[in-house]
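Below is data.cif, which holds mmCIF, C-alpha atoms.
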```cif
data_work
loop_
_atom_site.group_PDB
_atom_site.id
_atom_site.type_symbol
_atom_site.label_atom_id
_atom_site.label_comp_id
_atom_site.auth_asym_id
_atom_site.auth_seq_id
_atom_site.Cartn_x
_atom_site.Cartn_y
_atom_site.Cartn_z
ATOM 1 C CA GLU U 21 8.855 -17.872 -19.853
ATOM 2 C CA ILE U 22 7.532 -16.046 -16.776
ATOM 3 C CA LEU U 23 4.167 -17.753 -17.191
ATOM 4 C CA ARG U 24 5.898 -21.142 -17.407
ATOM 5 C CA CYS U 25 7.719 -20.365 -14.151
ATOM 6 C CA LEU U 26 4.449 -19.459 -12.462
ATOM 7 C CA VAL U 27 2.790 -22.641 -13.632
ATOM 8 C CA GLY U 28 5.835 -24.787 -12.896
ATOM 9 C CA SER U 29 8.350 -24.745 -10.115
ATOM 10 C CA GLU U 30 9.409 -21.706 -8.169
ATOM 11 C CA MET U 31 12.987 -22.930 -8.597
ATOM 12 C CA CYS U 32 13.084 -22.116 -12.323
ATOM 13 C CA ILE U 33 13.773 -18.416 -11.718
ATOM 14 C CA ARG U 34 15.702 -18.746 -8.480
ATOM 15 C CA ASP U 35 18.894 -19.841 -10.244
ATOM 16 C CA ARG U 36 18.777 -16.805 -12.531
ATOM 17 C CA PHE U 37 18.938 -14.110 -9.849
ATOM 18 C CA ARG U 38 21.965 -11.864 -9.658
ATOM 19 C CA GLU U 39 23.365 -10.715 -6.351
ATOM 20 C CA GLU U 40 24.163 -7.043 -6.697
ATOM 21 C CA SER U 41 23.851 -3.948 -4.583
ATOM 22 C CA CYS U 42 20.493 -2.337 -5.320
ATOM 23 C CA ARG U 43 19.466 1.172 -4.262
ATOM 24 C CA ALA U 44 15.781 1.232 -3.338
ATOM 25 C CA ALA U 45 15.353 4.628 -5.040
ATOM 26 C CA ASP U 46 16.673 3.181 -8.321
ATOM 27 C CA ILE U 47 14.392 0.138 -8.079
ATOM 28 C CA ILE U 48 11.393 2.388 -7.433
ATOM 29 C CA GLN U 49 12.247 4.593 -10.404
ATOM 30 C CA ARG U 50 12.814 1.602 -12.688
ATOM 31 C CA ALA U 51 9.519 -0.007 -11.612
ATOM 32 C CA ALA U 52 7.486 3.187 -11.936
ATOM 33 C CA GLN U 53 8.822 4.390 -15.296
ATOM 34 C CA PRO U 54 6.651 2.131 -17.528
ATOM 35 C CA LEU U 55 3.556 3.179 -15.552
ATOM 36 C CA ALA U 56 4.123 6.954 -15.739
ATOM 37 C CA VAL U 57 1.794 7.570 -18.689
ATOM 38 C CA PRO U 58 -1.018 5.241 -17.528
ATOM 39 C CA MET U 59 -0.881 6.877 -14.076
ATOM 40 C CA GLU U 60 -1.055 10.333 -15.618
ATOM 41 C CA LEU U 61 -4.021 9.318 -17.780
ATOM 42 C CA ARG U 62 -5.827 8.046 -14.677
ATOM 43 C CA GLY U 63 -5.006 11.202 -12.695
ATOM 44 C CA ILE U 64 -2.863 9.307 -10.182
ATOM 45 C CA THR U 65 0.071 11.026 -8.509
ATOM 46 C CA LEU U 66 3.097 8.932 -7.549
ATOM 47 C CA GLU U 67 4.782 10.168 -4.369
ATOM 48 C CA THR U 68 8.155 8.647 -3.486
ATOM 49 C CA ALA U 69 10.379 8.903 -0.425
ATOM 50 C CA ALA U 70 13.590 6.951 -0.822
ATOM 51 C CA GLY U 71 17.200 7.890 -0.243
ATOM 52 C CA GLU U 72 20.251 5.687 0.008
ATOM 53 C CA GLU U 73 18.545 2.530 1.311
ATOM 54 C CA CYS U 74 20.167 -0.545 -0.271
ATOM 55 C CA PHE U 75 19.768 -4.304 -0.400
ATOM 56 C CA THR U 76 21.495 -7.186 -2.117
ATOM 57 C CA GLY U 77 19.400 -8.712 -4.868
ATOM 58 C CA ASP U 78 18.629 -8.720 -8.551
ATOM 59 C CA ALA U 79 17.756 -5.202 -9.699
ATOM 60 C CA ALA U 80 15.777 -6.246 -12.785
ATOM 61 C CA TRP U 81 13.673 -8.884 -11.009
ATOM 62 C CA SER U 82 13.159 -6.645 -7.966
ATOM 63 C CA ALA U 83 11.907 -3.836 -10.225
ATOM 64 C CA GLU U 84 9.613 -6.340 -11.959
ATOM 65 C CA ALA U 85 8.141 -7.394 -8.600
ATOM 66 C CA LEU U 86 7.660 -3.815 -7.437
ATOM 67 C CA GLY U 87 6.221 -2.888 -10.829
ATOM 68 C CA ASN U 88 3.563 -5.568 -10.434
ATOM 69 C CA VAL U 89 2.605 -4.116 -7.063
ATOM 70 C CA LEU U 90 2.515 -0.580 -8.482
ATOM 71 C CA LYS U 91 0.332 -1.753 -11.378
ATOM 72 C CA ASN U 92 -2.097 -3.348 -8.925
ATOM 73 C CA CYS U 93 -2.269 -0.126 -6.924
ATOM 74 C CA MET U 94 -2.672 1.969 -10.076
ATOM 75 C CA GLU U 95 -5.708 -0.083 -11.089
ATOM 76 C CA HIS U 96 -7.450 0.671 -7.778
ATOM 77 C CA ALA U 97 -6.098 4.036 -6.577
ATOM 78 C CA ALA U 98 -8.375 7.054 -6.541
ATOM 79 C CA SER U 99 -5.714 9.776 -6.736
ATOM 80 C CA TYR U 100 -2.305 8.751 -5.355
ATOM 81 C CA ILE U 101 0.226 6.023 -4.694
ATOM 82 C CA ARG U 102 2.910 6.554 -2.035
ATOM 83 C CA VAL U 103 6.140 4.585 -2.126
ATOM 84 C CA SER U 104 8.722 4.808 0.629
ATOM 85 C CA ALA U 105 11.847 2.950 1.676
ATOM 86 C CA ARG U 106 13.628 2.341 4.933
ATOM 87 C CA GLU U 107 16.629 0.321 5.979
ATOM 88 C CA THR U 108 17.292 -1.439 9.274
ATOM 89 C CA ALA U 109 20.032 -3.755 10.477
ATOM 90 C CA LEU U 110 17.853 -6.724 9.473
ATOM 91 C CA PHE U 111 16.190 -5.697 6.199
ATOM 92 C CA THR U 112 15.487 -3.080 3.583
ATOM 93 C CA GLU U 113 11.806 -2.353 3.130
ATOM 94 C CA ILE U 114 9.763 -0.698 0.407
ATOM 95 C CA THR U 115 6.145 0.119 1.206
ATOM 96 C CA VAL U 116 3.485 0.983 -1.343
ATOM 97 C CA GLN U 117 0.192 2.539 -0.290
ATOM 98 C CA ASP U 118 -2.731 3.750 -2.374
ATOM 99 C CA ASP U 119 -5.964 5.571 -1.629
ATOM 100 C CA GLY U 120 -8.240 3.026 -3.271
ATOM 101 C CA PRO U 121 -10.851 0.855 -1.577
ATOM 102 C CA GLY U 122 -8.339 -1.611 -0.119
ATOM 103 C CA PHE U 123 -8.887 -5.362 -0.088
ATOM 104 C CA ARG U 124 -11.927 -7.432 0.717
ATOM 105 C CA ALA U 125 -11.315 -9.572 3.793
ATOM 106 C CA GLU U 126 -11.916 -12.789 1.823
ATOM 107 C CA ASP U 127 -9.297 -11.790 -0.789
ATOM 108 C CA LEU U 128 -6.416 -10.961 1.582
ATOM 109 C CA PRO U 129 -5.313 -14.548 2.342
ATOM 110 C CA ARG U 130 -5.239 -15.463 -1.365
ATOM 111 C CA LEU U 131 -3.801 -12.351 -3.059
ATOM 112 C CA PHE U 132 -0.427 -13.959 -3.794
ATOM 113 C CA GLU U 133 -1.769 -17.261 -5.138
ATOM 114 C CA ARG U 134 -1.128 -18.013 -8.797
ATOM 115 C CA PHE U 135 -4.093 -17.152 -11.009
ATOM 116 C CA TYR U 136 -6.164 -15.855 -8.108
ATOM 117 C CA ARG U 137 -8.296 -12.905 -9.133
ATOM 118 C CA GLY U 138 -9.858 -10.923 -6.326
ATOM 119 C CA LYS U 139 -13.495 -9.938 -6.419
ATOM 120 C CA ASP U 140 -12.520 -6.416 -7.562
ATOM 121 C CA ALA U 141 -9.755 -7.453 -9.994
ATOM 122 C CA ALA U 142 -9.276 -5.491 -13.187
ATOM 123 C CA PRO U 143 -11.053 -7.170 -16.117
ATOM 124 C CA ALA U 144 -7.780 -7.856 -17.960
ATOM 125 C CA SER U 145 -6.103 -9.350 -14.874
ATOM 126 C CA VAL U 146 -5.053 -12.989 -15.047
ATOM 127 C CA GLY U 147 -3.784 -13.211 -11.480
ATOM 128 C CA ILE U 148 -0.045 -13.677 -11.981
ATOM 129 C CA GLY U 149 1.477 -10.281 -11.106
ATOM 130 C CA LEU U 150 1.313 -10.538 -7.321
ATOM 131 C CA ALA U 151 2.204 -14.249 -7.409
ATOM 132 C CA LEU U 152 5.322 -13.393 -9.405
ATOM 133 C CA ALA U 153 6.176 -10.606 -6.953
ATOM 134 C CA ARG U 154 5.973 -13.077 -4.064
ATOM 135 C CA MET U 155 8.173 -15.591 -5.912
ATOM 136 C CA VAL U 156 10.790 -12.927 -6.694
ATOM 137 C CA LEU U 157 10.954 -11.693 -3.104
ATOM 138 C CA SER U 158 10.970 -15.200 -1.674
ATOM 139 C CA ALA U 159 13.819 -16.276 -3.955
ATOM 140 C CA GLN U 160 15.849 -13.263 -2.765
ATOM 141 C CA ASN U 161 15.494 -13.931 0.968
ATOM 142 C CA GLY U 162 12.556 -11.554 1.171
ATOM 143 C CA THR U 163 8.871 -11.298 1.896
ATOM 144 C CA ILE U 164 5.852 -9.418 0.618
ATOM 145 C CA ARG U 165 2.606 -8.818 2.413
ATOM 146 C CA ALA U 166 -0.607 -6.967 1.734
ATOM 147 C CA ASP U 167 -2.827 -5.243 4.246
ATOM 148 C CA ASN U 168 -5.547 -2.659 4.351
ATOM 149 C CA ALA U 169 -4.071 0.708 5.246
ATOM 150 C CA CYS U 170 -5.562 2.877 7.931
ATOM 151 C CA PRO U 171 -7.765 4.833 7.229
ATOM 152 C CA GLY U 172 -8.177 3.087 3.857
ATOM 153 C CA GLY U 173 -6.491 1.821 0.714
ATOM 154 C CA ALA U 174 -4.035 -0.966 0.023
ATOM 155 C CA LEU U 175 -0.687 -1.286 1.765
ATOM 156 C CA PHE U 176 2.048 -3.559 0.411
ATOM 157 C CA THR U 177 5.257 -4.210 2.334
ATOM 158 C CA LEU U 178 8.242 -5.681 0.458
ATOM 159 C CA ARG U 179 11.295 -6.687 2.497
ATOM 160 C CA TRP U 180 14.712 -7.936 1.460
ATOM 161 C CA TYR U 181 16.430 -9.504 4.499
ATOM 162 C CA ARG U 182 20.152 -9.380 5.038
ATOM 163 C CA SER U 183 21.856 -12.744 5.055
ATOM 164 C CA THR U 184 24.279 -11.574 7.739
ATOM 165 C CA VAL U 185 23.675 -9.165 10.579
#
```
In structure tokens, how does this file's structure come out?
Amino acid sequence: EILRCLVGSEMCIRDRFREESCRAADIIQRAAQPLAVPMELRGITLETAAGEECFTGDAAWSAEALGNVLKNCMEHAASYIRVSARETALFTEITVQDDGPGFRAEDLPRLFERFYRGKDAAPASVGIGLALARMVLSAQNGTIRADNACPGGALFTLRWYRSTV
């Protein structure tokens, strides 16, 4: 069904989102749990820094989106992934940074396109994880962006905006 949504209209999942209070720390834990063993096998340490930051959204879909980002980072990280959260009057933000090679300049503008596979994509990648993450955030009044971190590695920024300030 997820694949059908990615091929079809973005609207097909939008109507299925719940509006509930989500703690960023819980979303991070839920997203990271299925990747704990693969990260350990690859020698990757997950470092998290999240407290009571909250947003309104769908916990399951938000964890799915973050999980896709974490999986991408896991496939390219050398030794660690850092996840942190912060809350402002306008949004709640989760950032994910790894110590991998980062993104090629030509891949950055297309990372969130359906079925796009970057030049350094994992062999089993079909190019839907980051597209799904973008759709989930977008449908929840949010955004996702990818950058190269300084001094190196990937940096993803996920934001859920408040509907009222």
For Leu157 of chain U, please output as a PDB file with C-alpha atoms, in the frame of the given file all residues within 10 Å (counting only C-alpha atoms; exclusion window: fewer than 3 positions along the same chain).
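Resulting contents of selection.pdb:
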```
ATOM      1  CA  GLY U  77      19.400  -8.712  -4.868  1.00  0.00           C
ATOM      2  CA  ASP U  78      18.629  -8.720  -8.551  1.00  0.00           C
ATOM      3  CA  TRP U  81      13.673  -8.884 -11.009  1.00  0.00           C
ATOM      4  CA  SER U  82      13.159  -6.645  -7.966  1.00  0.00           C
ATOM      5  CA  ALA U  85       8.141  -7.394  -8.600  1.00  0.00           C
ATOM      6  CA  LEU U  86       7.660  -3.815  -7.437  1.00  0.00           C
ATOM      7  CA  LEU U 152       5.322 -13.393  -9.405  1.00  0.00           C
ATOM      8  CA  ALA U 153       6.176 -10.606  -6.953  1.00  0.00           C
ATOM      9  CA  ARG U 154       5.973 -13.077  -4.064  1.00  0.00           C
ATOM     10  CA  GLN U 160      15.849 -13.263  -2.765  1.00  0.00           C
ATOM     11  CA  ASN U 161      15.494 -13.931   0.968  1.00  0.00           C
ATOM     12  CA  GLY U 162      12.556 -11.554   1.171  1.00  0.00           C
ATOM     13  CA  THR U 163       8.871 -11.298   1.896  1.00  0.00           C
ATOM     14  CA  ILE U 164       5.852  -9.418   0.618  1.00  0.00           C
ATOM     15  CA  LEU U 178       8.242  -5.681   0.458  1.00  0.00           C
ATOM     16  CA  ARG U 179      11.295  -6.687   2.497  1.00  0.00           C
ATOM     17  CA  TRP U 180      14.712  -7.936   1.460  1.00  0.00           C
ATOM     18  CA  TYR U 181      16.430  -9.504   4.499  1.00  0.00           C
TER      19      TYR U 181
END
```
Which residue gives the smallest distance to Glu95 of chain U among U:Ala174, U:Ala69, U:Ala169, U:Ala51, with only C-alpha atoms counted?
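Counting only C-alpha atoms, the residue closest to Glu95 of chain U is U:Ala174.
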How many Å lie between atom CA of Arg182 of chain U and atom CA of Gln49 of chain U, rounded to one decimal?
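Taking atom CA of Arg182 of chain U and atom CA of Gln49 of chain U, their separation equals 22.3 Å.
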Record the distance separating atom CA of Ala159 of chain U and atom CA of Arg43 of chain U, expressed in Å with one decimal.
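Atom CA of Arg43 of chain U lies at a distance of 18.3 Å from atom CA of Ala159 of chain U.
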Considering all atoms listed in the file, state which residue in the set U:Ala109, U:Cys93, U:Leu66, U:Met59 is at the smallest distance from Ala166 of chain U.
U:Cys93
Using the chain letters and numbering of this document, enumerate as a VMD selection string the residues selected by the PyMOL selection byres ((chain U and resi 63) around 10).
chain U and resid 57 to 62 64 to 66 94 97 to 100
Of the candidates U:Asn88, U:Gln117, U:Asn168, U:Ser104, which shows the shortest atom-to-atom distance to Gly149 of chain U, using only C-alpha atoms?
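For Gly149 of chain U, the nearest of the candidates is U:Asn88.
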What is the distance, in Å and to one decimal place, between atom CA of Asp118 of chain U and atom CA of Gly172 of chain U?
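If I compute the distance from atom CA of Asp118 of chain U to atom CA of Gly172 of chain U, I get 8.3 Å.
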Report as a list in words the full result of the PyMOL selection byres ((chain U and resi 74) around 9) when it is applied to this structure.
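Listing what the PyMOL selection byres ((chain U and resi 74) around 9) selects in the shown file: Ser41, Cys42, Arg43, Ala44, Ala45, Gly71, Glu72, Glu73, Phe75, Thr76, Arg106, Glu107 and Thr112 of chain U.
Selection result for the displayed file, with the PyMOL selection byres ((chain U and resi 121-125) around 6) as criterion, is Gly120, Glu126, Asp127, Leu128, Asn168, Gly173 and Ala174 of chain U.
Among the candidates U:Arg102, U:Arg38, U:His96, U:Lys91, the one nearest to Ala70 of chain U when counting only C-alpha atoms is U:Arg102.
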Using all atoms listed in the file, which of U:Ala80, U:Met155, U:Ala52, U:Val116 sits nearest Glu40 of chain U?
U:Ala80
Select, from U:Gln53, U:Ser183, U:Asn92, U:Thr115, the residue with the minimum atom-to-atom distance to Arg165 of chain U, counting only C-alpha atoms.
U:Thr115
Show me, as JSON, the centre and edge lengths in Å to one decimal of the axis-aligned box that covers every listed atom of segment 172-185 of chain U with 3 Å on each side.
```
{"center_x": 8.1, "center_y": -4.8, "center_z": 5.3, "size_x": 38.5, "size_y": 21.8, "size_z": 16.6}
```
